[in-house]
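Here is protein_9.cif, consisting of mmCIF, C-alpha atoms:
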data_run
#
loop_
_atom_site.label_atom_id
_atom_site.label_comp_id
_atom_site.auth_asym_id
_atom_site.auth_seq_id
_atom_site.Cartn_x
_atom_site.Cartn_y
_atom_site.Cartn_z
CA PRO Q 1 0.00 0.00 0.00
CA ALA Q 2 2.84 2.46 0.73
CA ILE Q 3 4.66 1.81 -2.55
CA GLN Q 4 6.25 4.84 -4.24
CA PRO Q 5 7.62 5.42 -7.77
CA GLN Q 6 11.11 4.64 -6.48
CA ASP Q 7 9.92 1.24 -5.25
CA ILE Q 8 8.29 0.44 -8.61
CA ILE Q 9 11.60 1.29 -10.28
CA LYS Q 10 13.43 -0.99 -7.83
CA LEU Q 11 10.97 -3.79 -8.57
CA CYS Q 12 11.62 -3.38 -12.31
CA TYR Q 13 15.37 -3.35 -11.73
CA GLN Q 14 15.17 -6.60 -9.79
CA ALA Q 15 12.95 -8.14 -12.47
CA ALA Q 16 15.54 -7.25 -15.10
CA TYR Q 17 18.79 -7.95 -13.23
CA GLY Q 18 17.80 -10.33 -10.43
CA ALA Q 19 20.29 -10.41 -7.55
CA GLU Q 20 23.47 -10.15 -9.61
CA HIS Q 21 24.42 -6.64 -8.52
CA LEU Q 22 24.22 -7.45 -4.81
CA LEU Q 23 26.98 -9.97 -4.01
CA SER Q 24 30.37 -8.35 -4.58
CA ASP Q 25 31.30 -9.08 -0.93
CA PRO Q 26 29.97 -12.53 0.14
CA ASP Q 27 31.24 -12.34 3.73
CA GLY Q 28 29.78 -8.89 4.20
CA ALA Q 29 26.52 -9.98 2.59
CA ARG Q 30 26.29 -12.92 4.98
CA ARG Q 31 26.86 -10.70 8.01
CA TYR Q 32 24.31 -8.16 6.80
CA LEU Q 33 21.75 -10.92 6.22
CA GLN Q 34 22.25 -12.19 9.77
CA GLN Q 35 21.82 -8.69 11.19
CA GLU Q 36 18.68 -8.07 9.13
CA TYR Q 37 17.30 -11.48 10.09
CA ASP Q 38 17.88 -10.81 13.80
CA GLU Q 39 15.97 -7.53 13.50
CA THR Q 40 13.04 -9.08 11.61
CA SER Q 41 9.95 -10.20 13.48
CA VAL Q 42 7.95 -13.27 12.51
CA SER Q 43 4.75 -12.35 10.66
CA ASP Q 44 2.18 -13.82 8.29
CA VAL Q 45 3.92 -12.30 5.26
CA PRO Q 46 4.16 -14.84 2.39
CA LEU Q 47 7.31 -16.94 2.38
CA TRP Q 48 7.97 -15.73 -1.16
CA GLU Q 49 6.48 -13.30 -3.66
CA PRO Q 50 7.05 -13.29 -7.44
CA ILE Q 51 8.85 -10.42 -9.16
CA SER Q 52 9.15 -11.86 -12.66
CA GLU Q 53 9.17 -15.22 -14.39
CA ALA Q 54 12.79 -15.68 -13.31
CA VAL Q 55 13.12 -14.24 -9.80
CA CYS Q 56 11.19 -13.74 -6.57
CA ARG Q 57 11.57 -12.14 -3.17
CA VAL Q 58 11.94 -14.56 -0.25
CA ASN Q 59 10.79 -12.72 2.86
CA LEU Q 60 12.91 -13.05 5.99
CA ALA Q 61 9.84 -12.93 8.24
CA GLY Q 62 8.37 -15.92 6.41
CA TRP Q 63 11.70 -17.78 6.45
CA LYS Q 64 11.96 -17.18 10.19
CA ARG Q 65 8.37 -18.30 10.72
CA GLU Q 66 9.07 -21.60 8.96
CA ASN Q 67 12.17 -22.08 11.14
CA LEU Q 68 14.45 -22.70 8.16
CA PRO Q 69 18.23 -22.30 8.61
CA LEU Q 70 19.39 -18.87 7.49
CA GLU Q 71 22.51 -20.28 5.84
CA TRP Q 72 20.30 -22.16 3.39
CA LEU Q 73 18.68 -18.90 2.30
CA PHE Q 74 22.08 -17.26 1.91
CA ARG Q 75 23.24 -20.10 -0.32
CA MET Q 76 20.06 -19.85 -2.42
CA PHE Q 77 20.65 -16.11 -2.73
CA ALA Q 78 24.32 -16.64 -3.62
CA ALA Q 79 23.39 -19.23 -6.26
CA SER Q 80 20.90 -16.75 -7.70
CA CYS Q 81 23.64 -14.16 -8.17
CA SER Q 82 25.41 -16.21 -10.82
CA GLY Q 83 24.46 -16.34 -14.46
CA LYS Q 84 23.89 -13.93 -17.30
CA ALA Q 85 23.32 -10.33 -16.30
CA GLY Q 86 20.31 -8.37 -17.47
CA ASP Q 87 20.60 -5.31 -19.68
CA ALA Q 88 19.18 -1.82 -20.12
CA ALA Q 89 16.76 -2.97 -22.82
CA THR Q 90 15.20 -5.50 -20.44
CA LEU Q 91 14.96 -2.89 -17.70
CA ASN Q 92 13.33 -0.40 -20.07
CA ASP Q 93 10.82 -3.06 -21.10
CA ARG Q 94 9.95 -3.72 -17.43
CA LEU Q 95 9.53 0.01 -16.78
CA THR Q 96 7.25 0.35 -19.78
CA ARG Q 97 5.14 -2.58 -18.66
CA ALA Q 98 4.97 -1.20 -15.12
CA GLU Q 99 3.73 2.14 -16.43
CA ALA Q 100 0.96 0.39 -18.36
CA VAL Q 101 -0.14 -1.35 -15.15
CA LEU Q 102 0.00 1.89 -13.15
CA ARG Q 103 -2.50 3.47 -15.55
CA THR Q 104 -5.06 0.79 -14.60
CA VAL Q 105 -4.74 0.65 -10.79
CA LYS Q 106 -5.07 3.01 -7.87
CA VAL Q 107 -1.84 3.80 -6.02
CA GLY Q 108 -0.73 6.42 -3.54
CA PHE Q 109 0.91 8.69 -6.11
CA SER Q 110 -0.03 10.34 -9.40
CA MET Q 111 1.12 9.52 -12.93
CA GLU Q 112 2.83 12.91 -12.88
CA ASP Q 113 4.87 11.76 -9.86
CA TRP Q 114 5.74 8.58 -11.73
CA GLN Q 115 6.83 10.38 -14.90
CA LYS Q 116 8.97 12.79 -12.90
CA ALA Q 117 10.69 9.96 -11.00
CA LEU Q 118 11.18 7.90 -14.16
CA THR Q 119 12.71 10.80 -16.07
CA ALA Q 120 15.15 11.52 -13.23
CA TYR Q 121 16.06 7.84 -13.02
CA ARG Q 122 16.82 7.56 -16.73
CA GLU Q 123 18.86 10.76 -16.66
CA ALA Q 124 20.91 9.25 -13.80
CA GLY Q 125 21.82 6.25 -15.99
CA MET Q 126 19.31 3.76 -14.51
CA PRO Q 127 21.40 2.57 -11.53
CA ALA Q 128 20.40 0.19 -8.74
CA VAL Q 129 18.17 1.99 -6.23
CA HIS Q 130 17.07 1.64 -2.61
CA HIS Q 131 13.52 1.44 -1.34
CA SER Q 132 11.89 4.77 -0.58
CA ALA Q 133 11.88 6.00 3.01
CA ILE Q 134 8.07 5.85 3.10
CA TYR Q 135 8.03 2.22 1.93
CA ARG Q 136 10.70 1.20 4.44
CA GLU Q 137 8.85 2.87 7.31
CA LYS Q 138 5.40 1.49 6.48
CA GLU Q 139 6.12 -1.92 4.93
CA HIS Q 140 9.40 -2.98 6.64
CA PRO Q 141 10.75 -4.87 3.61
CA ALA Q 142 13.27 -7.58 4.51
CA TYR Q 143 13.94 -10.19 1.82
CA ARG Q 144 16.49 -11.71 -0.54
CA ILE Q 145 16.21 -12.14 -4.29
CA VAL Q 146 16.17 -15.81 -5.33
CA ARG Q 147 15.73 -17.53 -8.68
CA THR Q 148 12.16 -18.79 -9.03
CA SER Q 149 13.46 -22.19 -10.19
CA LEU Q 150 14.89 -22.77 -6.69
CA LEU Q 151 11.41 -22.63 -5.14
CA ARG Q 152 10.94 -26.21 -6.29
CA LEU Q 153 13.32 -27.16 -3.48
CA LEU Q 154 11.25 -25.66 -0.67
CA PRO Q 155 9.19 -28.78 0.19
CA VAL Q 156 12.43 -30.76 0.46
CA LEU Q 157 14.13 -28.07 2.56
CA GLU Q 158 11.15 -27.87 4.90
CA SER Q 159 11.17 -31.65 5.37
CA VAL Q 160 14.91 -31.71 6.07
CA ALA Q 161 14.64 -28.77 8.49
CA ALA Q 162 12.07 -30.67 10.55
CA ARG Q 163 14.57 -33.51 11.02
CA ARG Q 164 17.93 -31.74 10.94
CA GLU Q 165 18.69 -32.50 14.60
CA ALA Q 166 18.90 -36.24 13.90
CA GLU Q 167 22.23 -37.72 14.95
CA ALA Q 168 22.84 -40.01 11.96
CA PRO Q 169 23.21 -38.55 8.46
CA TYR Q 170 19.87 -37.73 6.90
CA VAL Q 171 19.39 -39.44 3.52
CA ILE Q 172 17.34 -38.03 0.63
CA ALA Q 173 16.57 -40.09 -2.50
CA ILE Q 174 15.33 -38.36 -5.67
CA ASP Q 175 13.80 -40.61 -8.31
CA GLY Q 176 11.65 -39.56 -11.25
CA ARG Q 177 11.16 -39.22 -14.97
CA ALA Q 178 13.91 -38.53 -17.48
CA ALA Q 179 14.51 -34.79 -18.05
CA SER Q 180 12.40 -33.84 -15.02
CA GLY Q 181 15.32 -32.08 -13.33
CA LYS Q 182 16.55 -34.77 -10.91
CA SER Q 183 20.25 -34.05 -11.42
CA THR Q 184 19.72 -30.30 -11.22
CA MET Q 185 17.68 -30.69 -8.05
CA GLY Q 186 20.28 -32.98 -6.51
CA GLN Q 187 23.12 -30.58 -7.28
CA GLN Q 188 21.20 -27.55 -6.02
CA LEU Q 189 20.24 -29.32 -2.80
CA ALA Q 190 23.81 -30.50 -2.29
CA GLU Q 191 25.06 -26.91 -2.56
CA ILE Q 192 22.37 -25.45 -0.29
CA LEU Q 193 22.52 -28.22 2.33
CA GLY Q 194 26.24 -28.90 2.12
CA ALA Q 195 25.36 -32.52 1.35
CA GLY Q 196 27.27 -35.43 -0.16
CA LEU Q 197 25.84 -36.43 -3.56
CA VAL Q 198 25.54 -39.85 -5.24
CA HIS Q 199 24.46 -40.20 -8.89
CA MET Q 200 22.48 -43.25 -10.02
CA ASP Q 201 23.77 -42.67 -13.57
CA ASP Q 202 27.07 -44.03 -12.24
CA PHE Q 203 25.34 -47.37 -11.69
CA PHE Q 204 24.12 -48.28 -15.16
CA LEU Q 205 24.24 -52.00 -15.76
CA PRO Q 206 27.58 -53.21 -17.23
CA LEU Q 207 27.48 -55.01 -20.58
CA GLU Q 208 28.23 -58.44 -19.15
CA LEU Q 209 25.06 -58.30 -17.01
CA ARG Q 210 22.71 -57.05 -19.73
CA THR Q 211 20.90 -60.30 -20.38
CA GLU Q 212 17.49 -60.31 -22.03
CA GLN Q 213 15.90 -61.55 -18.81
CA ARG Q 214 17.55 -58.79 -16.74
CA LEU Q 215 16.56 -55.99 -19.12
CA HIS Q 216 12.96 -57.20 -19.24
CA THR Q 217 12.73 -56.99 -15.44
CA PRO Q 218 11.33 -53.63 -14.28
CA GLY Q 219 14.28 -51.52 -13.19
CA GLY Q 220 16.69 -54.25 -14.22
CA ASN Q 221 19.03 -51.93 -16.11
CA VAL Q 222 20.51 -50.49 -12.91
CA HIS Q 223 23.38 -52.21 -11.14
CA TYR Q 224 21.70 -52.34 -7.75
CA GLU Q 225 24.05 -55.08 -6.54
CA ARG Q 226 27.04 -52.70 -6.79
CA PHE Q 227 25.03 -49.87 -5.23
CA ARG Q 228 24.29 -52.06 -2.22
CA GLU Q 229 27.97 -52.91 -1.93
CA GLU Q 230 29.61 -49.52 -2.54
CA ILE Q 231 27.01 -46.99 -1.32
CA LEU Q 232 24.68 -48.36 1.34
CA PRO Q 233 27.40 -49.06 3.95
CA HIS Q 234 28.50 -45.39 3.80
CA LEU Q 235 25.24 -43.43 3.68
CA ARG Q 236 24.76 -43.43 7.45
CA GLN Q 237 28.36 -42.42 8.15
CA PRO Q 238 29.33 -38.73 7.98
CA GLU Q 239 32.86 -39.35 6.67
CA PRO Q 240 33.71 -38.78 2.98
CA PHE Q 241 33.89 -41.83 0.72
CA SER Q 242 34.27 -42.73 -2.94
CA TYR Q 243 32.78 -45.23 -5.35
CA ARG Q 244 33.45 -46.45 -8.86
CA LYS Q 245 31.46 -44.83 -11.67
CA PHE Q 246 30.13 -46.35 -14.86
CA VAL Q 247 30.88 -44.13 -17.87
CA CYS Q 248 28.33 -44.55 -20.67
CA SER Q 249 30.65 -43.29 -23.42
CA VAL Q 250 33.06 -46.19 -22.84
CA LYS Q 251 30.42 -48.58 -21.42
CA ALA Q 252 32.67 -49.52 -18.52
CA LEU Q 253 33.73 -48.55 -15.02
CA GLN Q 254 36.21 -45.69 -15.19
CA GLY Q 255 37.52 -43.64 -12.28
CA ASP Q 256 36.07 -42.86 -8.89
CA ARG Q 257 33.42 -40.41 -7.69
CA GLN Q 258 34.17 -38.59 -4.45
CA VAL Q 259 31.31 -38.00 -1.98
CA ALA Q 260 31.82 -35.20 0.49
CA GLY Q 261 31.61 -35.81 4.20
CA SER Q 262 28.33 -34.47 5.53
CA SER Q 263 25.44 -35.01 7.91
CA ILE Q 264 23.15 -35.10 4.84
CA ARG Q 265 23.39 -37.48 1.88
CA ILE Q 266 21.53 -37.22 -1.43
CA VAL Q 267 21.04 -40.00 -3.98
CA GLU Q 268 19.64 -38.71 -7.25
CA GLY Q 269 18.59 -40.44 -10.43
CA SER Q 270 16.18 -42.88 -11.98
CA TYR Q 271 15.86 -46.18 -10.09
CA SER Q 272 17.14 -44.67 -6.82
CA LEU Q 273 13.96 -46.01 -5.15
CA HIS Q 274 14.24 -49.51 -6.57
CA PRO Q 275 12.96 -52.06 -4.01
CA GLU Q 276 16.17 -54.04 -4.45
CA LEU Q 277 17.98 -51.19 -2.65
CA GLY Q 278 15.75 -51.44 0.40
CA HIS Q 279 14.26 -48.56 2.38
CA TYR Q 280 17.53 -46.70 2.89
CA ALA Q 281 16.24 -43.10 2.60
CA ASP Q 282 14.64 -40.86 5.24
CA LEU Q 283 12.96 -38.72 2.57
CA THR Q 284 11.89 -39.94 -0.86
CA VAL Q 285 11.14 -37.52 -3.69
CA PHE Q 286 9.58 -38.14 -7.10
CA SER Q 287 10.57 -35.57 -9.72
CA ASP Q 288 7.81 -35.28 -12.32
CA VAL Q 289 7.36 -33.60 -15.71
CA ASP Q 290 4.61 -33.37 -18.31
CA PRO Q 291 5.25 -35.85 -21.18
CA ASP Q 292 5.29 -33.14 -23.86
CA GLU Q 293 7.68 -30.98 -21.85
CA GLN Q 294 9.77 -34.06 -21.11
CA PHE Q 295 10.30 -34.84 -24.78
CA ARG Q 296 10.98 -31.17 -25.61
CA ARG Q 297 13.74 -31.10 -23.00
CA ILE Q 298 15.21 -34.40 -24.21
CA LEU Q 299 15.35 -33.12 -27.79
CA ALA Q 300 17.02 -29.90 -26.67
CA ARG Q 301 19.49 -31.78 -24.47
CA ASN Q 302 20.25 -34.91 -26.50
CA GLY Q 303 19.24 -34.12 -30.09
CA PRO Q 304 16.79 -35.95 -32.39
CA ILE Q 305 18.70 -39.25 -32.72
CA TRP Q 306 19.08 -39.80 -28.99
CA GLY Q 307 15.66 -38.28 -28.46
CA GLU Q 308 14.13 -41.10 -30.49
CA GLN Q 309 16.18 -43.60 -28.49
CA PHE Q 310 14.70 -42.17 -25.30
CA ARG Q 311 11.18 -42.25 -26.73
CA GLN Q 312 11.33 -45.84 -27.93
CA LYS Q 313 13.52 -47.45 -25.26
CA TRP Q 314 14.52 -45.57 -22.11
CA ILE Q 315 11.24 -43.82 -21.31
CA PRO Q 316 9.16 -47.04 -21.66
CA MET Q 317 11.65 -48.86 -19.41
CA GLU Q 318 11.35 -46.12 -16.79
CA GLU Q 319 7.57 -46.12 -16.97
CA ALA Q 320 7.46 -49.90 -16.56
CA TYR Q 321 9.57 -49.55 -13.42
CA PHE Q 322 7.45 -46.70 -12.02
CA ASN Q 323 4.24 -48.65 -12.62
CA ALA Q 324 5.52 -52.00 -11.37
CA PHE Q 325 6.63 -50.63 -8.00
CA HIS Q 326 4.28 -47.60 -7.65
CA ILE Q 327 7.31 -45.35 -7.26
CA ARG Q 328 5.49 -42.04 -7.75
CA GLU Q 329 2.59 -42.94 -5.46
CA GLN Q 330 4.82 -44.13 -2.63
CA ALA Q 331 7.23 -41.15 -2.62
CA ASP Q 332 7.03 -38.78 0.36
CA LEU Q 333 7.11 -35.75 -1.93
CA ARG Q 334 6.13 -35.25 -5.55
CA VAL Q 335 7.62 -32.17 -7.18
#
Translate the structure described by the file into structure tokens.
Amino acid sequence: PAIQPQDIIKLCYQAAYGAEHLLSDPDGARRYLQQEYDETSVSDVPLWEPISEAVCRVNLAGWKRENLPLEWLFRMFAASCSGKAGDAATLNDRLTRAEAVLRTVKVGFSMEDWQKALTAYREAGMPAVHHSAIYREKEHPAYRIVRTSLLRLLPVLESVAARREAEAPYVIAIDGRAASGKSTMGQQLAEILGAGLVHMDDFFLPLELRTEQRLHTPGGNVHYERFREEILPHLRQPEPFSYRKFVCSVKALQGDRQVAGSSIRIVEGSYSLHPELGHYADLTVFSDVDPDEQFRRILARNGPIWGEQFRQKWIPMEEAYFNAFHIREQADLRV
């Protein structure tokens, strides 16, 4: 309600540039976040609010209310500061769109005030701006800019936060459809949680075990015997460990994968919830995607030749496994 032209301009700047201009001093940014968090009171403000298709504001009052570790938010914010910067053309487009909206709604300032502020802003070279004094006094903004894509992690983070005092390492398993974002989710969670990460792609079935009977068994194309031997004994131990990885390009074991020491472990990839592995995870997640979007992503990632291979072979094998063992239905979370 107390928004001013300066705050609209700031909103447009954040929509265009995200958080990239804010993290030149990570240590200082972390200290400032802690200070701001300590001064913020819990309220019913939304946990997050959208700014654009790409970024949102995560409110500190909402984060505090949900009792989520502040370091996780800092790491989400830091991850959101990387990537391609926006540009003046994008910012000008956002400002133009904002002006069109302002002509249709009632706000606490006139269009003349807006035009005056906008002209002065453009003449100044369109720099980053602070919130107006009125907005700060009335609305008490306290938030961090985060990429909208990271919001997919919130249900997982909330579940982990509820159990983070457990003594033994907490284990998360992420199964799901091809091209649904399992690997991306696993990597993002590992960075935010400081977790050790295991990839099921490293456990494709070696050639000597690819019998017709094995490949016709739901989920049979994963080397679950080696997973049980090389991974399961270490998941509940916080020390770092390593395992051998299967490399598809040479169709053989080649090199080792290092898993960081941590109180949290993540196993990501198709077949990570195979019954042959037992109930080893504290939290199970099914990563889903619409079939049309799935195939679009596969084509973009793998090209038409491999895309057809996925369509005719790998996707049907995955679906047979999901259906045979009700993997999606039995997962704790579906995202």
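Among the candidate residues Q:Glu99, Q:Glu268, Q:Glu36, Q:Asp201, the one lying nearest to Q:Ile8 is Q:Glu99, with distances computed using only C-alpha atoms.
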> Quick one: residues within 7 Å of Q:Arg147, all atoms listed in the file counted, chain neighbours fewer than 5 positions away excluded, as a count of residues only?
Replying inline: 4
>> Residues proximal to (10.8, 1.8, -6.4) were defined as those with any atom within 12 Å of that point in the file's coordinates, counting all atoms listed in the file. Which are they, as a ChimeraX atom specification?
In response: /Q:2-15,95,98,114,117-118,121,126-136
> Expanded to explicit residues, what is the PyMOL selection byres ((chain Q and resi 307-317) around 8) for this file, as a PyMOL selection string?
Replying inline: chain Q and resi 177-178+218-219+295+298-299+302-306+318-321
> With all atoms listed in the file as the basis for distance, which of Q:Ile174, Q:Ala162, Q:Val198, Q:Leu23 is at the shortest distance from Q:Glu230?
Replying inline: Q:Val198
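Minimum distance to Q:Ala89 across Q:Pro46, Q:Tyr17, Q:Leu70, Q:Leu333 (counting only C-alpha atoms) occurs at Q:Tyr17.
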>> Which residues, named as in the file, does the PyMOL selection byres ((chain Q and resi 69) around 12) pick out? Answer as a list of chain:residue names.
In response: Q:Gln34, Q:Tyr37, Q:Leu60, Q:Gly62, Q:Trp63, Q:Lys64, Q:Arg65, Q:Glu66, Q:Asn67, Q:Leu68, Q:Leu70, Q:Glu71, Q:Trp72, Q:Leu73, Q:Phe74, Q:Arg75, Q:Met76, Q:Leu157, Q:Glu158, Q:Val160, Q:Ala161, Q:Ala162, Q:Arg164, Q:Glu165, Q:Ile192, Q:Leu193
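In terms of minimum interatomic distance to Q:Ile264, Q:Ala190 ranks closest within Q:Val222, Q:Ala324, Q:Leu153, Q:Ala190, counting all atoms listed in the file.
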> How many Å separate atom CA of Q:Gly125 from atom CA of Q:Thr90?
Replying inline: 14.2 Å
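With atom CA of Q:Asp332 on one side and atom CA of Q:Ala179 on the other, the separation reads 20.3 Å.
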